[in-house]
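Text of data23.cif, listed as mmCIF, C-alpha atoms:
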data_query
#
loop_
_atom_site.group_PDB
_atom_site.id
_atom_site.type_symbol
_atom_site.label_atom_id
_atom_site.label_comp_id
_atom_site.auth_asym_id
_atom_site.auth_seq_id
_atom_site.Cartn_x
_atom_site.Cartn_y
_atom_site.Cartn_z
ATOM 1 C CA MET A 1 -31.764 -38.157 53.443
ATOM 2 C CA ARG A 2 -33.567 -36.209 56.158
ATOM 3 C CA THR A 3 -37.069 -37.219 57.197
ATOM 4 C CA ASP A 4 -39.759 -35.921 59.527
ATOM 5 C CA GLU A 5 -43.333 -36.901 60.264
ATOM 6 C CA ILE A 6 -46.108 -34.445 61.076
ATOM 7 C CA THR A 7 -49.452 -35.351 62.650
ATOM 8 C CA LEU A 8 -52.408 -33.446 61.199
ATOM 9 C CA ASP A 9 -56.097 -33.034 61.973
ATOM 10 C CA THR A 10 -58.139 -32.838 58.765
ATOM 11 C CA SER A 11 -61.557 -32.690 60.450
ATOM 12 C CA ASN A 12 -62.115 -28.976 59.684
ATOM 13 C CA SER A 13 -62.156 -29.303 55.896
ATOM 14 C CA PRO A 14 -61.739 -31.838 53.094
ATOM 15 C CA VAL A 15 -58.842 -29.669 51.842
ATOM 16 C CA THR A 16 -56.104 -28.816 54.369
ATOM 17 C CA ASP A 17 -53.289 -26.460 53.383
ATOM 18 C CA VAL A 18 -49.954 -27.790 54.711
ATOM 19 C CA THR A 19 -47.632 -25.504 52.726
ATOM 20 C CA ARG A 20 -46.303 -23.725 55.811
ATOM 21 C CA ALA A 21 -45.339 -27.003 57.539
ATOM 22 C CA VAL A 22 -43.669 -28.313 54.381
ATOM 23 C CA GLN A 23 -41.769 -25.032 53.914
ATOM 24 C CA GLU A 24 -40.635 -25.067 57.562
ATOM 25 C CA PHE A 25 -39.173 -28.540 57.050
ATOM 26 C CA ALA A 26 -37.382 -27.424 53.865
ATOM 27 C CA SER A 27 -36.103 -24.239 55.540
ATOM 28 C CA ALA A 28 -34.650 -26.206 58.446
ATOM 29 C CA THR A 29 -32.512 -28.180 55.985
ATOM 30 C CA GLY A 30 -31.271 -25.157 54.044
ATOM 31 C CA ALA A 31 -30.579 -27.667 51.300
ATOM 32 C CA ASP A 32 -30.918 -28.018 47.573
ATOM 33 C CA GLY A 33 -32.640 -31.202 46.517
ATOM 34 C CA LEU A 34 -35.937 -32.971 46.063
ATOM 35 C CA LEU A 35 -38.532 -32.999 48.825
ATOM 36 C CA ASN A 36 -40.957 -35.917 48.878
ATOM 37 C CA VAL A 37 -44.324 -35.328 50.549
ATOM 38 C CA PHE A 38 -45.995 -38.652 51.374
ATOM 39 C CA LEU A 39 -49.324 -39.379 53.012
ATOM 40 C CA PRO A 40 -49.308 -43.069 54.091
ATOM 41 C CA HIS A 41 -53.086 -43.482 54.162
ATOM 42 C CA ALA A 42 -55.459 -45.468 51.940
ATOM 43 C CA THR A 43 -58.164 -42.782 51.902
ATOM 44 C CA ALA A 44 -56.439 -39.418 51.333
ATOM 45 C CA GLY A 45 -54.126 -37.704 48.882
ATOM 46 C CA VAL A 46 -51.733 -34.785 48.590
ATOM 47 C CA ALA A 47 -51.825 -32.227 45.788
ATOM 48 C CA LEU A 48 -50.659 -28.852 44.554
ATOM 49 C CA MET A 49 -53.411 -26.293 43.988
ATOM 50 C CA GLU A 50 -54.349 -22.658 44.393
ATOM 51 C CA THR A 51 -56.036 -22.018 47.742
ATOM 52 C CA GLY A 52 -58.189 -19.180 49.029
ATOM 53 C CA SER A 53 -59.865 -18.489 45.679
ATOM 54 C CA GLY A 54 -62.752 -20.939 45.921
ATOM 55 C CA SER A 55 -60.824 -23.771 44.291
ATOM 56 C CA GLU A 56 -61.176 -25.887 47.434
ATOM 57 C CA HIS A 57 -64.979 -25.805 47.109
ATOM 58 C CA ASP A 58 -64.728 -26.521 43.368
ATOM 59 C CA LEU A 59 -62.522 -29.547 44.075
ATOM 60 C CA GLU A 60 -64.989 -30.856 46.669
ATOM 61 C CA SER A 61 -67.852 -30.487 44.153
ATOM 62 C CA ILE A 62 -65.964 -32.275 41.403
ATOM 63 C CA LEU A 63 -64.942 -35.112 43.718
ATOM 64 C CA ASP A 64 -68.547 -35.461 44.899
ATOM 65 C CA ASN A 65 -69.600 -35.867 41.252
ATOM 66 C CA VAL A 66 -66.805 -38.309 40.399
ATOM 67 C CA LEU A 67 -66.965 -40.240 43.702
ATOM 68 C CA PRO A 68 -70.568 -39.844 44.929
ATOM 69 C CA ARG A 69 -71.178 -40.749 48.579
ATOM 70 C CA LYS A 70 -74.523 -42.391 47.754
ATOM 71 C CA HIS A 71 -73.080 -44.851 45.229
ATOM 72 C CA ALA A 72 -73.316 -48.551 46.187
ATOM 73 C CA TYR A 73 -69.593 -49.326 46.477
ATOM 74 C CA VAL A 74 -68.455 -52.933 46.907
ATOM 75 C CA HIS A 75 -66.065 -51.649 49.579
ATOM 76 C CA SER A 76 -68.805 -50.689 52.023
ATOM 77 C CA HIS A 77 -67.587 -50.741 55.645
ATOM 78 C CA GLY A 78 -67.509 -47.493 57.651
ATOM 79 C CA SER A 79 -69.695 -44.463 57.087
ATOM 80 C CA PRO A 80 -71.904 -44.154 53.980
ATOM 81 C CA GLY A 81 -69.782 -43.610 50.894
ATOM 82 C CA HIS A 82 -66.589 -44.833 52.523
ATOM 83 C CA GLY A 83 -65.856 -46.822 49.370
ATOM 84 C CA ALA A 84 -65.316 -43.477 47.632
ATOM 85 C CA ASP A 85 -62.700 -42.589 50.238
ATOM 86 C CA HIS A 86 -60.684 -45.645 49.203
ATOM 87 C CA LEU A 87 -60.797 -44.599 45.546
ATOM 88 C CA LEU A 88 -59.626 -41.032 46.172
ATOM 89 C CA PRO A 89 -55.850 -41.859 46.161
ATOM 90 C CA VAL A 90 -56.265 -43.303 42.665
ATOM 91 C CA LEU A 91 -57.237 -39.796 41.497
ATOM 92 C CA ILE A 92 -55.186 -37.674 43.930
ATOM 93 C CA SER A 93 -51.841 -39.304 44.599
ATOM 94 C CA PRO A 94 -50.677 -39.953 48.164
ATOM 95 C CA SER A 95 -47.288 -38.418 47.279
ATOM 96 C CA LEU A 96 -45.598 -35.641 45.346
ATOM 97 C CA THR A 97 -42.082 -34.323 44.854
ATOM 98 C CA ILE A 98 -41.090 -30.653 45.073
ATOM 99 C CA PRO A 99 -37.736 -29.177 44.052
ATOM 100 C CA VAL A 100 -35.994 -27.259 46.865
ATOM 101 C CA GLN A 101 -33.297 -24.621 46.430
ATOM 102 C CA GLU A 102 -31.403 -23.294 49.447
ATOM 103 C CA GLY A 103 -34.227 -24.482 51.697
ATOM 104 C CA HIS A 104 -36.996 -22.849 49.667
ATOM 105 C CA LEU A 105 -39.776 -24.777 47.962
ATOM 106 C CA GLN A 106 -39.716 -24.071 44.244
ATOM 107 C CA LEU A 107 -43.490 -23.706 43.934
ATOM 108 C CA GLY A 108 -45.329 -21.573 41.424
ATOM 109 C CA THR A 109 -46.811 -18.259 42.550
ATOM 110 C CA TRP A 110 -50.257 -19.668 43.382
ATOM 111 C CA GLN A 111 -49.325 -23.245 44.282
ATOM 112 C CA SER A 112 -49.999 -24.579 47.769
ATOM 113 C CA VAL A 113 -49.447 -28.080 49.140
ATOM 114 C CA VAL A 114 -52.754 -29.533 50.333
ATOM 115 C CA ILE A 115 -54.081 -32.722 51.863
ATOM 116 C CA VAL A 116 -57.328 -33.886 50.276
ATOM 117 C CA ASP A 117 -59.268 -36.022 52.739
ATOM 118 C CA LEU A 118 -62.964 -36.794 52.347
ATOM 119 C CA ASN A 119 -62.882 -39.535 54.998
ATOM 120 C CA ARG A 120 -64.656 -38.199 58.077
ATOM 121 C CA ASP A 121 -64.069 -41.518 59.917
ATOM 122 C CA ASN A 122 -60.334 -40.833 60.420
ATOM 123 C CA PRO A 123 -59.320 -37.160 60.646
ATOM 124 C CA THR A 124 -55.890 -37.814 62.197
ATOM 125 C CA ARG A 125 -53.249 -38.098 59.483
ATOM 126 C CA LYS A 126 -49.487 -38.562 59.362
ATOM 127 C CA LEU A 127 -47.553 -36.631 56.739
ATOM 128 C CA ARG A 128 -44.017 -37.803 55.984
ATOM 129 C CA LEU A 129 -41.539 -35.302 54.599
ATOM 130 C CA SER A 130 -38.186 -36.477 53.212
ATOM 131 C CA ILE A 131 -35.531 -34.484 51.401
ATOM 132 C CA LEU A 132 -32.947 -36.052 49.170
ATOM 133 C CA GLU A 133 -30.193 -33.461 49.104
ATOM 134 C CA SER A 134 -28.116 -32.643 46.056
ATOM 135 C CA PRO A 135 -24.434 -33.567 46.423
ATOM 136 C CA ASP A 136 -22.316 -30.682 47.687
ATOM 137 C CA ARG A 137 -20.670 -29.357 44.524
ATOM 138 C CA SER A 138 -18.204 -27.173 46.444
ATOM 139 C CA SER A 139 -16.255 -30.243 47.636
ATOM 140 C CA SER A 140 -15.724 -31.527 44.074
#
Would you write out, as structure tokens, the structure that this file holds?
Amino acid sequence: MRTDEITLDTSNSPVTDVTRAVQEFASATGADGLLNVFLPHATAGVALMETGSGSEHDLESILDNVLPRKHAYVHSHGSPGHGADHLLPVLISPSLTIPVQEGHLQLGTWQSVVIVDLNRDNPTRKLRLSILESPDRSSS
């Protein structure tokens, strides 16, 4: 299994497109297999979605309705609404798996890999990429 870790700054937007970085990792392997994308943080998630069409804003609006910042969360340290940040990974998983063929992500036409991070208290994130390669069938 090959693994790499990327450091990201998510301070510019609650939705950060990381497709290019994930594809670069897959390309460097040239492998067939399954690529795991894992965000080891308690207040952010990783997802597949269409970007550049306004969907990012729609996602932010929906999350604001589902996890309002002004709610009186029991988990209340940090900035106002930080309790919502800790609930986000329940709705948007901190990991996903993408099939890879000959080093190419097998994503749909409009799918992008994004980090969803509403937590403005900690914009520095680590993204772990690991590929579990298919056995080499030519040596069988």
- Item | Counting all atoms listed in the file, the residue of A:Thr51, A:Thr10, A:Thr3, A:Asn36 that sits nearest Ser112 of chain A |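 When distances to Ser112 of chain A are compared using all atoms listed in the file, the smallest one comes from A:Thr51.
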- Check what the PyMOL selection byres ((chain A and resi 28) around 12) selects in the file above and give those residues as number ranges by chain. A: 2-4, 21-27, 29-32, 100, 102-105, 131
- Message: Evaluated on this file, the PyMOL selection byres ((chain A and resi 99) around 8) picks out some residues - which ones are they, written as a PyMOL selection string?
- Response: chain A and resi 32-35+97-98+100-101+105-107
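Among the candidates A:His77, A:Arg69, A:His57, A:Arg125, the one nearest to Pro14 of chain A when counting only C-alpha atoms is A:His57.
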Edge lengths and centre in Å to one decimal, as AutoDock Vina command-line options, is what I'm after for the box along x, y and z that holds all listed atoms of segment 53-61 of chain A once 4 Å is added on each side.
--center_x -63.9 --center_y -24.7 --center_z 45.4 --size_x 16.0 --size_y 20.4 --size_z 12.1
- To verify the selection step, state as number ranges by chain which residues the PyMOL selection byres ((chain A and resi 60) around 10) yields on this input. A: 13-15, 55-59, 61-66, 116-118
What would the file look like if the residues just selected were written as a compact mmCIF listing (two decimals), keeping the file's coordinate frame with C-alpha atoms?
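Written out: out.txt:
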# COMPACT_ATOMS: atom_id res chain seq x y z
CA SER A 13 -62.16 -29.30 55.90
CA PRO A 14 -61.74 -31.84 53.09
CA VAL A 15 -58.84 -29.67 51.84
CA SER A 55 -60.82 -23.77 44.29
CA GLU A 56 -61.18 -25.89 47.43
CA HIS A 57 -64.98 -25.80 47.11
CA ASP A 58 -64.73 -26.52 43.37
CA LEU A 59 -62.52 -29.55 44.08
CA SER A 61 -67.85 -30.49 44.15
CA ILE A 62 -65.96 -32.28 41.40
CA LEU A 63 -64.94 -35.11 43.72
CA ASP A 64 -68.55 -35.46 44.90
CA ASN A 65 -69.60 -35.87 41.25
CA VAL A 66 -66.81 -38.31 40.40
CA VAL A 116 -57.33 -33.89 50.28
CA ASP A 117 -59.27 -36.02 52.74
CA LEU A 118 -62.96 -36.79 52.35
- Quick one: of A:Asn12, A:Val114, A:Asn119, A:Ser93, who's nearest to Ser79 of chain A, counting all atoms listed in the file?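 Nearest candidate to Ser79 of chain A out of A:Asn12, A:Val114, A:Asn119, A:Ser93: A:Asn119.
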- What separation in Å, quoted to one decimal, exists between atom CA of His86 of chain A and atom CA of Ala42 of chain A?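 Interatomic distance, atom CA of His86 of chain A to atom CA of Ala42 of chain A: 5.9 Å.
Nearest-residue note for Ile115 of chain A: choosing from A:Leu91, A:Thr16, A:Glu133, A:Glu5, the minimum distance belongs to A:Thr16, counting all atoms listed in the file.
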- Between atom CA of Pro89 of chain A and atom CA of Met1 of chain A, what is the distance, to one decimal in Å?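 For atom CA of Pro89 of chain A relative to atom CA of Met1 of chain A, the distance reads 25.4 Å.
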- Item | Atom pair atom CA of Gly45 of chain A / atom CA of Ser95 of chain A: separation (Å) |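 These atoms are spaced 7.1 Å apart.
If you measure from each of A:Val113, A:Asp121, A:Thr7, A:His75 to Pro94 of chain A using only C-alpha atoms, the closest one turns out to be A:Val113.
Here the question is which of A:Leu48, A:Leu127, A:Leu88, A:Leu132 gets nearest to Leu8 of chain A using only C-alpha atoms, and that residue is A:Leu127.
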- Message: Neighbouring residues of Val74 of chain A were defined as those with any atom within 8 Å, considering only C-alpha atoms; residues of the same chain fewer than 2 positions away were excluded. Please report them as number ranges by chain.
- Response: A: 72, 76, 83
